[in-house]
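Text of protein-v5.pdb, listed as PDB, C-alpha atoms, pLDDT in the B column:
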```pdb
ATOM      1  CA  MET H   1      35.344 -30.182 -19.488  1.00 63.00           C
ATOM      2  CA  ALA H   2      37.553 -33.005 -20.711  1.00 76.00           C
ATOM      3  CA  GLY H   3      39.966 -33.996 -17.961  1.00 83.00           C
ATOM      4  CA  GLU H   4      38.292 -31.780 -15.345  1.00 89.00           C
ATOM      5  CA  VAL H   5      36.310 -32.795 -12.288  1.00 93.00           C
ATOM      6  CA  ALA H   6      32.613 -32.212 -13.006  1.00 95.00           C
ATOM      7  CA  GLY H   7      31.379 -33.076  -9.522  1.00 97.00           C
ATOM      8  CA  TYR H   8      31.765 -35.158  -6.406  1.00 97.00           C
ATOM      9  CA  ALA H   9      29.712 -36.489  -3.522  1.00 98.00           C
ATOM     10  CA  TYR H  10      30.707 -37.802  -0.110  1.00 97.00           C
ATOM     11  CA  ALA H  11      29.284 -38.573   3.324  1.00 98.00           C
ATOM     12  CA  SER H  12      30.816 -37.680   6.668  1.00 97.00           C
ATOM     13  CA  PRO H  13      29.723 -38.075  10.294  1.00 97.00           C
ATOM     14  CA  TRP H  14      26.631 -36.027  11.170  1.00 96.00           C
ATOM     15  CA  ARG H  15      27.922 -35.105  14.646  1.00 95.00           C
ATOM     16  CA  PRO H  16      31.074 -36.104  16.553  1.00 95.00           C
ATOM     17  CA  LYS H  17      29.281 -37.355  19.686  1.00 97.00           C
ATOM     18  CA  PRO H  18      28.872 -41.154  19.987  1.00 96.00           C
ATOM     19  CA  ALA H  19      25.056 -40.971  20.097  1.00 96.00           C
ATOM     20  CA  TYR H  20      25.055 -39.760  16.478  1.00 97.00           C
ATOM     21  CA  ARG H  21      27.515 -42.323  15.069  1.00 96.00           C
ATOM     22  CA  HIS H  22      24.837 -43.996  12.938  1.00 96.00           C
ATOM     23  CA  SER H  23      23.901 -40.808  11.053  1.00 97.00           C
ATOM     24  CA  VAL H  24      25.853 -39.263   8.186  1.00 98.00           C
ATOM     25  CA  GLU H  25      25.701 -35.962   6.345  1.00 98.00           C
ATOM     26  CA  ASN H  26      26.040 -35.954   2.590  1.00 98.00           C
ATOM     27  CA  SER H  27      27.560 -33.291   0.386  1.00 96.00           C
ATOM     28  CA  VAL H  28      27.284 -33.103  -3.371  1.00 96.00           C
ATOM     29  CA  HIS H  29      28.979 -30.459  -5.483  1.00 95.00           C
ATOM     30  CA  LEU H  30      28.805 -29.919  -9.240  1.00 94.00           C
ATOM     31  CA  ALA H  31      30.706 -27.559 -11.473  1.00 94.00           C
ATOM     32  CA  PRO H  32      28.291 -24.901 -12.780  1.00 91.00           C
ATOM     33  CA  GLU H  33      28.655 -26.158 -16.341  1.00 92.00           C
ATOM     34  CA  ALA H  34      27.824 -29.736 -15.217  1.00 92.00           C
ATOM     35  CA  THR H  35      24.397 -29.025 -13.751  1.00 92.00           C
ATOM     36  CA  GLY H  36      21.118 -30.155 -15.290  1.00 91.00           C
ATOM     37  CA  ARG H  37      22.508 -33.373 -16.760  1.00 93.00           C
ATOM     38  CA  GLY H  38      21.624 -35.886 -14.035  1.00 95.00           C
ATOM     39  CA  LEU H  39      25.162 -36.007 -12.648  1.00 96.00           C
ATOM     40  CA  GLY H  40      23.986 -35.253  -9.095  1.00 96.00           C
ATOM     41  CA  THR H  41      21.705 -38.284  -9.186  1.00 97.00           C
ATOM     42  CA  LEU H  42      24.484 -40.447 -10.657  1.00 97.00           C
ATOM     43  CA  LEU H  43      26.805 -39.419  -7.823  1.00 97.00           C
ATOM     44  CA  MET H  44      24.281 -39.653  -5.008  1.00 97.00           C
ATOM     45  CA  ARG H  45      22.553 -43.000  -5.684  1.00 97.00           C
ATOM     46  CA  PRO H  46      25.666 -45.147  -5.158  1.00 97.00           C
ATOM     47  CA  LEU H  47      26.681 -43.017  -2.158  1.00 97.00           C
ATOM     48  CA  VAL H  48      23.301 -43.556  -0.470  1.00 97.00           C
ATOM     49  CA  ALA H  49      23.410 -47.283  -1.203  1.00 96.00           C
ATOM     50  CA  ALA H  50      26.995 -47.627   0.056  1.00 96.00           C
ATOM     51  CA  ARG H  51      26.250 -45.815   3.327  1.00 96.00           C
ATOM     52  CA  ALA H  52      23.158 -47.986   3.867  1.00 94.00           C
ATOM     53  CA  ARG H  53      25.230 -51.152   3.303  1.00 94.00           C
ATOM     54  CA  ALA H  54      27.865 -49.794   5.702  1.00 94.00           C
ATOM     55  CA  GLY H  55      25.261 -49.543   8.463  1.00 93.00           C
ATOM     56  CA  ALA H  56      24.315 -45.863   8.499  1.00 96.00           C
ATOM     57  CA  HIS H  57      20.790 -45.356   9.825  1.00 96.00           C
ATOM     58  CA  GLN H  58      20.002 -41.822   8.571  1.00 97.00           C
ATOM     59  CA  MET H  59      21.470 -39.513   5.930  1.00 98.00           C
ATOM     60  CA  ILE H  60      21.153 -35.774   6.481  1.00 98.00           C
ATOM     61  CA  ALA H  61      21.621 -33.031   3.887  1.00 97.00           C
ATOM     62  CA  VAL H  62      22.154 -29.385   4.809  1.00 95.00           C
ATOM     63  CA  VAL H  63      21.251 -27.354   1.729  1.00 94.00           C
ATOM     64  CA  ALA H  64      21.795 -23.599   1.482  1.00 91.00           C
ATOM     65  CA  ASP H  65      18.550 -21.896   0.512  1.00 87.00           C
ATOM     66  CA  SER H  66      20.241 -19.489  -1.867  1.00 79.00           C
ATOM     67  CA  GLY H  67      17.445 -18.937  -4.355  1.00 73.00           C
ATOM     68  CA  THR H  68      18.012 -21.891  -6.669  1.00 76.00           C
ATOM     69  CA  ASP H  69      16.309 -25.141  -5.821  1.00 87.00           C
ATOM     70  CA  ALA H  70      18.340 -27.650  -7.874  1.00 91.00           C
ATOM     71  CA  SER H  71      19.944 -29.226  -4.802  1.00 93.00           C
ATOM     72  CA  GLN H  72      16.632 -29.340  -2.953  1.00 94.00           C
ATOM     73  CA  ALA H  73      14.999 -30.951  -6.007  1.00 95.00           C
ATOM     74  CA  LEU H  74      17.810 -33.513  -6.222  1.00 96.00           C
ATOM     75  CA  HIS H  75      17.373 -34.540  -2.606  1.00 97.00           C
ATOM     76  CA  ARG H  76      13.593 -34.756  -2.910  1.00 96.00           C
ATOM     77  CA  ARG H  77      13.974 -36.877  -6.058  1.00 96.00           C
ATOM     78  CA  LEU H  78      16.166 -39.284  -4.078  1.00 96.00           C
ATOM     79  CA  GLY H  79      13.536 -39.656  -1.343  1.00 97.00           C
ATOM     80  CA  PHE H  80      14.825 -37.152   1.215  1.00 98.00           C
ATOM     81  CA  ALA H  81      12.140 -35.304   3.189  1.00 97.00           C
ATOM     82  CA  GLU H  82      12.447 -31.774   4.523  1.00 96.00           C
ATOM     83  CA  ALA H  83      13.247 -31.912   8.252  1.00 97.00           C
ATOM     84  CA  GLY H  84      13.781 -28.255   9.240  1.00 96.00           C
ATOM     85  CA  ARG H  85      14.835 -24.743   8.256  1.00 96.00           C
ATOM     86  CA  PRO H  86      17.389 -22.897  10.375  1.00 96.00           C
ATOM     87  CA  HIS H  87      17.268 -19.196   9.457  1.00 96.00           C
ATOM     88  CA  ALA H  88      20.252 -16.982   8.575  1.00 96.00           C
ATOM     89  CA  VAL H  89      22.838 -19.565   9.670  1.00 95.00           C
ATOM     90  CA  GLY H  90      25.042 -19.434   6.574  1.00 91.00           C
ATOM     91  CA  HIS H  91      26.892 -16.534   4.986  1.00 91.00           C
ATOM     92  CA  LYS H  92      27.429 -16.862   1.223  1.00 86.00           C
ATOM     93  CA  HIS H  93      28.107 -14.324  -1.486  1.00 85.00           C
ATOM     94  CA  GLY H  94      27.892 -11.411   0.955  1.00 92.00           C
ATOM     95  CA  ARG H  95      24.526 -12.269   2.492  1.00 92.00           C
ATOM     96  CA  TRP H  96      22.970 -14.422   5.186  1.00 95.00           C
ATOM     97  CA  VAL H  97      21.161 -17.504   3.931  1.00 94.00           C
ATOM     98  CA  ASP H  98      18.827 -20.022   5.486  1.00 95.00           C
ATOM     99  CA  THR H  99      19.516 -23.719   5.234  1.00 95.00           C
ATOM    100  CA  VAL H 100      17.069 -26.518   4.577  1.00 96.00           C
ATOM    101  CA  LEU H 101      17.660 -29.790   6.395  1.00 97.00           C
ATOM    102  CA  PHE H 102      16.701 -32.951   4.534  1.00 98.00           C
ATOM    103  CA  GLN H 103      16.653 -36.453   5.970  1.00 98.00           C
ATOM    104  CA  LEU H 104      16.628 -39.916   4.399  1.00 98.00           C
ATOM    105  CA  PRO H 105      16.142 -43.079   6.489  1.00 97.00           C
ATOM    106  CA  LEU H 106      18.592 -45.749   5.342  1.00 96.00           C
ATOM    107  CA  THR H 107      17.346 -48.607   7.540  1.00 89.00           C
ATOM    108  CA  ASP H 108      14.096 -49.694   9.087  1.00 80.00           C
ATOM    109  CA  GLY H 109      15.519 -49.100  12.577  1.00 69.00           C
ATOM    110  CA  LYS H 110      16.262 -52.800  12.973  1.00 66.00           C
ATOM    111  CA  GLY H 111      19.386 -52.788  10.830  1.00 57.00           C
ATOM    112  CA  SER H 112      17.890 -53.720   7.462  1.00 59.00           C
ATOM    113  CA  ALA H 113      19.569 -51.564   4.816  1.00 58.00           C
ATOM    114  CA  GLY H 114      17.575 -49.791   2.156  1.00 55.00           C
ATOM    115  CA  VAL H 115      14.153 -50.529   3.602  1.00 44.00           C
ATOM    116  CA  THR H 116      12.729 -47.057   4.128  1.00 44.00           C
ATOM    117  CA  GLY H 117      13.591 -45.035   1.079  1.00 46.00           C
ATOM    118  CA  ALA H 118      17.216 -45.531   0.160  1.00 46.00           C
ATOM    119  CA  PRO H 119      17.436 -45.788  -3.628  1.00 47.00           C
TER     120      PRO H 119
END
```

Take the structure I supplied and represent it as structure tokens, if you would.
Amino acid sequence: MAGEVAGYAYASPWRPKPAYRHSVENSVHLAPEATGRGLGTLLMRPLVAARARAGAHQMIAVVADSGTDASQALHRRLGFAEAGRPHAVGHKHGRWVDTVLFQLPLTDGKGSAGVTGAP
């Protein structure tokens, strides 16, 4: 994998309406050959901390429930809690899949970063 991108993580607005401006949605993607090495955690921890410092209140993850639980395990390991399961809302690899919503509080609701679970 020398010289190739092994993975990336980013956060974007959760919803475009002003009421949701303090919540972000994270995405983390790893190359198949880069999984199982802790790279997801290495990418996500600084992202969570940076979004908390920037004033985000909640981080949301929308994880496809496609039969492997590595992404769900990653989010749980980082302190995310399951917040819902929309059914058959994604279409991947020729079939409908459920998604699992995860949520991580980044502030205590009073603006203090990292108080309620952010690593």

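Nearest-residue note for Tyr8 of chain H: choosing from H:Pro32, H:Gly90, H:Pro105, H:Gly40, the minimum distance belongs to H:Gly40, counting all atoms listed in the file.
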
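Of the listed residues H:Val28, H:Val48, H:Val89, H:Val97, the one whose atoms come nearest to Ser71 of chain H is H:Val28, with distances taken using all atoms listed in the file.
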
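In this model, the gap between atom CA of Gly94 of chain H and atom CA of His29 of chain H comes to 20.1 Å.
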
For the PyMOL selection byres ((chain H and resi 67) around 12), applied here, can you spell out every residue it catches as a PyMOL selection string?
chain H and resi 63-66+68-72+92-93+95-100

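This file gives the following result for the PyMOL selection byres ((chain H and resi 22) around 9): H:Pro13, H:Trp14, H:Pro18, H:Ala19, H:Tyr20, H:Arg21, H:Ser23, H:Val24, H:Gly55, H:Ala56, H:His57, H:Gln58, H:Met59.
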